[in-house]
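Structure first, then comments.
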Amino acid sequence: MEQNTIKWLVEYHVVSTKIYAWDAEGLAEDILQVTQMVNQSDLPLVHSVWDFRDLETYPTNLNDIRKAVQPLFTHEQCGWVITIIQNQMIGFLAQAGSSMYGVRYRSFKTMEEAKQFLQKQDPTLPPL
């Protein structure tokens with residue numbers, strides 16, 4: 001199985017992730033890594049793009065998800081949280097997790113759609 005990847009799509013402005021598998025602990029670790037990256041930025045909002053198209057295993061307990069996402073979703077610099085999802089169950093869990101904290105959230109089926117949306121929402125971004 002491939003390793004999850006977390007990197008800057010646009011340095012200090014947009015974090016890009018590709019997630020293949022998560023348990024509750026792995027979810028919390030990856031959220032903390034993204035939160036640490038947000039902390040490195042001086043910008044008022046840092047967006048994150050989460051590519052779940054190849055996600056095979058994931059936590060389904062909403063309480064575990066709520067606890068794990070809390071550091072990022074309550075961060076004052078948390079910008080748009082964009083997910084790329086094709087599985088309805090994963091989409092439901094992502095929507096539920098984001099709605100608990102009222103974050104700016106949208107889900108798309110392709111990376112291109114996600115980039116186009118984010119580009120329209122934040123005119124300070126360079127071309128994605």
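Each chain in the structure tokens gets a letter, A, B and so on, in the order shown; residues start at 1 in every chain, and ligands are counted from 1 in the order they appear.
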Q.
Env of Gln40 in chain A: 8 Å cut, atoms = only C-alpha atoms, seq-sep filter 3 positions within chain, self excluded. Answer as JSON, numbers by chain.
A. {"A": [12, 36, 37]}
Write the residues of the selection above to a file with N, CA and C atoms, as a short mmCIF file (atom, residue, chain, number, x, y, z; two decimals), in the first residue's frame.
```cif
data_model
loop_
_atom_site.label_atom_id
_atom_site.label_comp_id
_atom_site.auth_asym_id
_atom_site.auth_seq_id
_atom_site.Cartn_x
_atom_site.Cartn_y
_atom_site.Cartn_z
N TYR A 12 3.18 27.76 1.95
CA TYR A 12 2.59 28.57 3.01
C TYR A 12 1.17 29.05 2.69
N GLN A 36 0.56 21.81 11.78
CA GLN A 36 1.91 22.35 11.96
C GLN A 36 2.35 23.14 10.73
N MET A 37 1.97 22.68 9.56
CA MET A 37 2.30 23.42 8.34
C MET A 37 1.56 24.76 8.31
#
```
Q. Residues of range 34-128 of chain A in strand (DSSP E or B) according to DSSP, as a list of chain:residue names?
A.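 Selection result, strand (DSSP E or B) within range 34-128 of chain A: A:Val46, A:His47, A:Ser48, A:Val49, A:Trp50, A:Asp51, A:Thr57, A:Cys78, A:Gly79, A:Trp80, A:Val81, A:Ile82, A:Thr83, A:Ile84, A:Tyr105, A:Arg106, A:Ser107, A:Phe108.
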Would you save the residues of that selection, restricted to C-alpha atoms, as a PDB file, in the first residue's frame?
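Saved to selection-v1.pdb:
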```
ATOM      1  CA  VAL A  46      -4.176  28.490   4.665  1.00  0.00           C
ATOM      2  CA  HIS A  47      -6.271  26.112   2.557  1.00  0.00           C
ATOM      3  CA  SER A  48      -6.009  22.331   2.440  1.00  0.00           C
ATOM      4  CA  VAL A  49      -6.851  19.924  -0.357  1.00  0.00           C
ATOM      5  CA  TRP A  50      -7.474  16.323   0.689  1.00  0.00           C
ATOM      6  CA  ASP A  51      -7.420  13.741  -2.110  1.00  0.00           C
ATOM      7  CA  THR A  57      -9.465   2.134   4.937  1.00  0.00           C
ATOM      8  CA  CYS A  78      -7.955  27.353   8.620  1.00  0.00           C
ATOM      9  CA  GLY A  79      -9.071  28.413   5.152  1.00  0.00           C
ATOM     10  CA  TRP A  80     -10.991  26.291   2.694  1.00  0.00           C
ATOM     11  CA  VAL A  81     -10.970  22.545   3.337  1.00  0.00           C
ATOM     12  CA  ILE A  82     -11.405  20.898  -0.057  1.00  0.00           C
ATOM     13  CA  THR A  83     -11.897  17.164  -0.499  1.00  0.00           C
ATOM     14  CA  ILE A  84     -11.677  15.103  -3.654  1.00  0.00           C
ATOM     15  CA  TYR A 105     -15.812  23.047   3.096  1.00  0.00           C
ATOM     16  CA  ARG A 106     -16.427  21.829  -0.442  1.00  0.00           C
ATOM     17  CA  SER A 107     -16.088  18.444  -2.074  1.00  0.00           C
ATOM     18  CA  PHE A 108     -15.306  17.680  -5.711  1.00  0.00           C
TER      19      PHE A 108
END
```
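In this comparison, which uses only C-alpha atoms, the residue of A:Asp64, A:Glu112, A:Glu76, A:Asp23 approaching Leu45 in chain A most closely is A:Glu76.
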Q.
Need the shell around Tyr101 in chain A: protein/DNA/RNA residues with any atom at most 10 Å away, counting only C-alpha atoms. Skip same-chain ones fewer than 2 positions apart. Format as a ChimeraX atom specification?
A. /A:66,69-70,72-74,96-99,103-104
Store the residues picked out above, limited to C-alpha atoms, as an mmCIF file, in the first residue's frame.
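New file part_22.cif:
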```cif
data_model
loop_
_atom_site.group_PDB
_atom_site.id
_atom_site.type_symbol
_atom_site.label_atom_id
_atom_site.label_comp_id
_atom_site.auth_asym_id
_atom_site.auth_seq_id
_atom_site.Cartn_x
_atom_site.Cartn_y
_atom_site.Cartn_z
ATOM 1 C CA ARG A 66 -14.317 14.915 15.492
ATOM 2 C CA VAL A 69 -9.870 17.088 13.036
ATOM 3 C CA GLN A 70 -10.344 19.548 15.905
ATOM 4 C CA LEU A 72 -7.047 22.017 12.198
ATOM 5 C CA PHE A 73 -10.745 22.844 11.992
ATOM 6 C CA THR A 74 -10.591 25.233 14.964
ATOM 7 C CA ALA A 96 -20.105 15.438 8.928
ATOM 8 C CA GLY A 97 -16.621 16.102 10.300
ATOM 9 C CA SER A 98 -16.416 19.538 8.710
ATOM 10 C CA SER A 99 -19.941 20.596 9.658
ATOM 11 C CA VAL A 103 -15.329 25.173 8.424
ATOM 12 C CA ARG A 104 -15.328 26.388 4.835
#
```
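Candidate residues A:Ala24, A:Val14, A:Ala114, A:Ile31 were compared for distance to Leu43 in chain A, and the nearest is A:Val14, using only C-alpha atoms.
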Q: Measure the distance from CA of Asp54 in chain A to CA of Trp8 in chain A in Å and round it to one decimal.
A: 19.5 Å
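CA of Asp30 in chain A is positioned 16.7 Å from CA of Arg53 in chain A.
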Q: If you run DSSP over the backbone, which residues in range 62-120 of chain A end up helix (DSSP H, G or I)? Put them as a ChimeraX atom specification.
A: /A:62-73,88-99,111-120
Please write the residues from the selection above to a file, keeping N, CA and C atoms, as an mmCIF file, in the first residue's frame.
```
data_model
loop_
_atom_site.group_PDB
_atom_site.id
_atom_site.type_symbol
_atom_site.label_atom_id
_atom_site.label_comp_id
_atom_site.auth_asym_id
_atom_site.auth_seq_id
_atom_site.Cartn_x
_atom_site.Cartn_y
_atom_site.Cartn_z
ATOM 1 N N LEU A 62 -17.688 8.771 14.265
ATOM 2 C CA LEU A 62 -17.711 10.236 14.151
ATOM 3 C C LEU A 62 -17.040 10.928 15.334
ATOM 4 N N ASN A 63 -17.094 10.332 16.512
ATOM 5 C CA ASN A 63 -16.423 10.939 17.667
ATOM 6 C C ASN A 63 -14.907 10.925 17.485
ATOM 7 N N ASP A 64 -14.366 9.817 16.952
ATOM 8 C CA ASP A 64 -12.929 9.741 16.664
ATOM 9 C C ASP A 64 -12.538 10.776 15.612
ATOM 10 N N ILE A 65 -13.362 10.908 14.584
ATOM 11 C CA ILE A 65 -13.090 11.878 13.521
ATOM 12 C C ILE A 65 -13.139 13.297 14.091
ATOM 13 N N ARG A 66 -14.164 13.589 14.890
ATOM 14 C CA ARG A 66 -14.317 14.915 15.492
ATOM 15 C C ARG A 66 -13.088 15.296 16.306
ATOM 16 N N LYS A 67 -12.623 14.388 17.144
ATOM 17 C CA LYS A 67 -11.436 14.653 17.973
ATOM 18 C C LYS A 67 -10.200 14.870 17.108
ATOM 19 N N ALA A 68 -10.062 14.071 16.072
ATOM 20 C CA ALA A 68 -8.864 14.136 15.229
ATOM 21 C C ALA A 68 -8.781 15.441 14.442
ATOM 22 N N VAL A 69 -9.897 15.904 13.893
ATOM 23 C CA VAL A 69 -9.870 17.088 13.036
ATOM 24 C C VAL A 69 -9.894 18.395 13.815
ATOM 25 N N GLN A 70 -10.182 18.346 15.082
ATOM 26 C CA GLN A 70 -10.344 19.548 15.905
ATOM 27 C C GLN A 70 -9.166 20.522 15.837
ATOM 28 N N PRO A 71 -7.901 20.075 15.924
ATOM 29 C CA PRO A 71 -6.797 21.050 15.883
ATOM 30 C C PRO A 71 -6.764 21.886 14.603
ATOM 31 N N LEU A 72 -7.052 21.280 13.464
ATOM 32 C CA LEU A 72 -7.047 22.017 12.198
ATOM 33 C C LEU A 72 -8.320 22.829 12.028
ATOM 34 N N PHE A 73 -9.466 22.197 12.284
ATOM 35 C CA PHE A 73 -10.745 22.844 11.992
ATOM 36 C C PHE A 73 -11.072 23.997 12.937
ATOM 37 N N GLN A 88 -19.290 7.652 -1.673
ATOM 38 C CA GLN A 88 -20.330 8.370 -0.931
ATOM 39 C C GLN A 88 -20.160 8.289 0.580
ATOM 40 N N MET A 89 -19.727 7.156 1.109
ATOM 41 C CA MET A 89 -19.555 7.016 2.558
ATOM 42 C C MET A 89 -18.449 7.945 3.045
ATOM 43 N N ILE A 90 -17.340 8.001 2.321
ATOM 44 C CA ILE A 90 -16.249 8.899 2.699
ATOM 45 C C ILE A 90 -16.737 10.344 2.606
ATOM 46 N N GLY A 91 -17.524 10.639 1.588
ATOM 47 C CA GLY A 91 -18.085 11.975 1.444
ATOM 48 C C GLY A 91 -18.972 12.347 2.618
ATOM 49 N N PHE A 92 -19.796 11.418 3.066
ATOM 50 C CA PHE A 92 -20.651 11.663 4.221
ATOM 51 C C PHE A 92 -19.823 11.956 5.468
ATOM 52 N N LEU A 93 -18.798 11.142 5.711
ATOM 53 C CA LEU A 93 -17.958 11.329 6.899
ATOM 54 C C LEU A 93 -17.202 12.654 6.839
ATOM 55 N N ALA A 94 -16.705 13.019 5.658
ATOM 56 C CA ALA A 94 -15.992 14.292 5.507
ATOM 57 C C ALA A 94 -16.934 15.469 5.748
ATOM 58 N N GLN A 95 -18.132 15.396 5.202
ATOM 59 C CA GLN A 95 -19.123 16.456 5.400
ATOM 60 C C GLN A 95 -19.496 16.566 6.875
ATOM 61 N N ALA A 96 -19.726 15.432 7.516
ATOM 62 C CA ALA A 96 -20.105 15.438 8.928
ATOM 63 C C ALA A 96 -18.984 16.012 9.791
ATOM 64 N N GLY A 97 -17.754 15.601 9.519
ATOM 65 C CA GLY A 97 -16.621 16.102 10.300
ATOM 66 C C GLY A 97 -16.437 17.599 10.148
ATOM 67 N N SER A 98 -16.610 18.105 8.934
ATOM 68 C CA SER A 98 -16.416 19.538 8.710
ATOM 69 C C SER A 98 -17.574 20.358 9.260
ATOM 70 N N SER A 99 -18.781 19.823 9.194
ATOM 71 C CA SER A 99 -19.941 20.596 9.658
ATOM 72 C C SER A 99 -19.949 20.755 11.181
ATOM 73 N N MET A 111 -9.427 16.750 -9.108
ATOM 74 C CA MET A 111 -8.475 17.760 -8.640
ATOM 75 C C MET A 111 -8.651 19.050 -9.435
ATOM 76 N N GLU A 112 -8.925 18.930 -10.716
ATOM 77 C CA GLU A 112 -9.098 20.122 -11.552
ATOM 78 C C GLU A 112 -10.263 20.980 -11.053
ATOM 79 N N GLU A 113 -11.389 20.346 -10.731
ATOM 80 C CA GLU A 113 -12.540 21.082 -10.189
ATOM 81 C C GLU A 113 -12.179 21.760 -8.865
ATOM 82 N N ALA A 114 -11.456 21.043 -8.032
ATOM 83 C CA ALA A 114 -11.054 21.585 -6.734
ATOM 84 C C ALA A 114 -10.163 22.809 -6.909
ATOM 85 N N LYS A 115 -9.188 22.716 -7.807
ATOM 86 C CA LYS A 115 -8.277 23.835 -8.054
ATOM 87 C C LYS A 115 -9.030 25.041 -8.622
ATOM 88 N N GLN A 116 -9.937 24.802 -9.551
ATOM 89 C CA GLN A 116 -10.710 25.899 -10.132
ATOM 90 C C GLN A 116 -11.533 26.617 -9.064
ATOM 91 N N PHE A 117 -12.171 25.850 -8.193
ATOM 92 C CA PHE A 117 -12.971 26.438 -7.124
ATOM 93 C C PHE A 117 -12.097 27.278 -6.199
ATOM 94 N N LEU A 118 -10.989 26.708 -5.764
ATOM 95 C CA LEU A 118 -10.103 27.403 -4.836
ATOM 96 C C LEU A 118 -9.536 28.674 -5.461
ATOM 97 N N GLN A 119 -9.219 28.611 -6.733
ATOM 98 C CA GLN A 119 -8.698 29.774 -7.445
ATOM 99 C C GLN A 119 -9.727 30.907 -7.445
ATOM 100 N N LYS A 120 -11.000 30.571 -7.618
ATOM 101 C CA LYS A 120 -12.063 31.582 -7.606
ATOM 102 C C LYS A 120 -12.286 32.151 -6.209
#
```
Q) CA of Gln77 in chain A and CA of Gly26 in chain A, how far apart in Å? A) 22.5 Å
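Proximity of A:Met100, A:Ala28, A:Val34, A:Leu128 to Thr5 in chain A, computed with only C-alpha atoms, is greatest for A:Val34.
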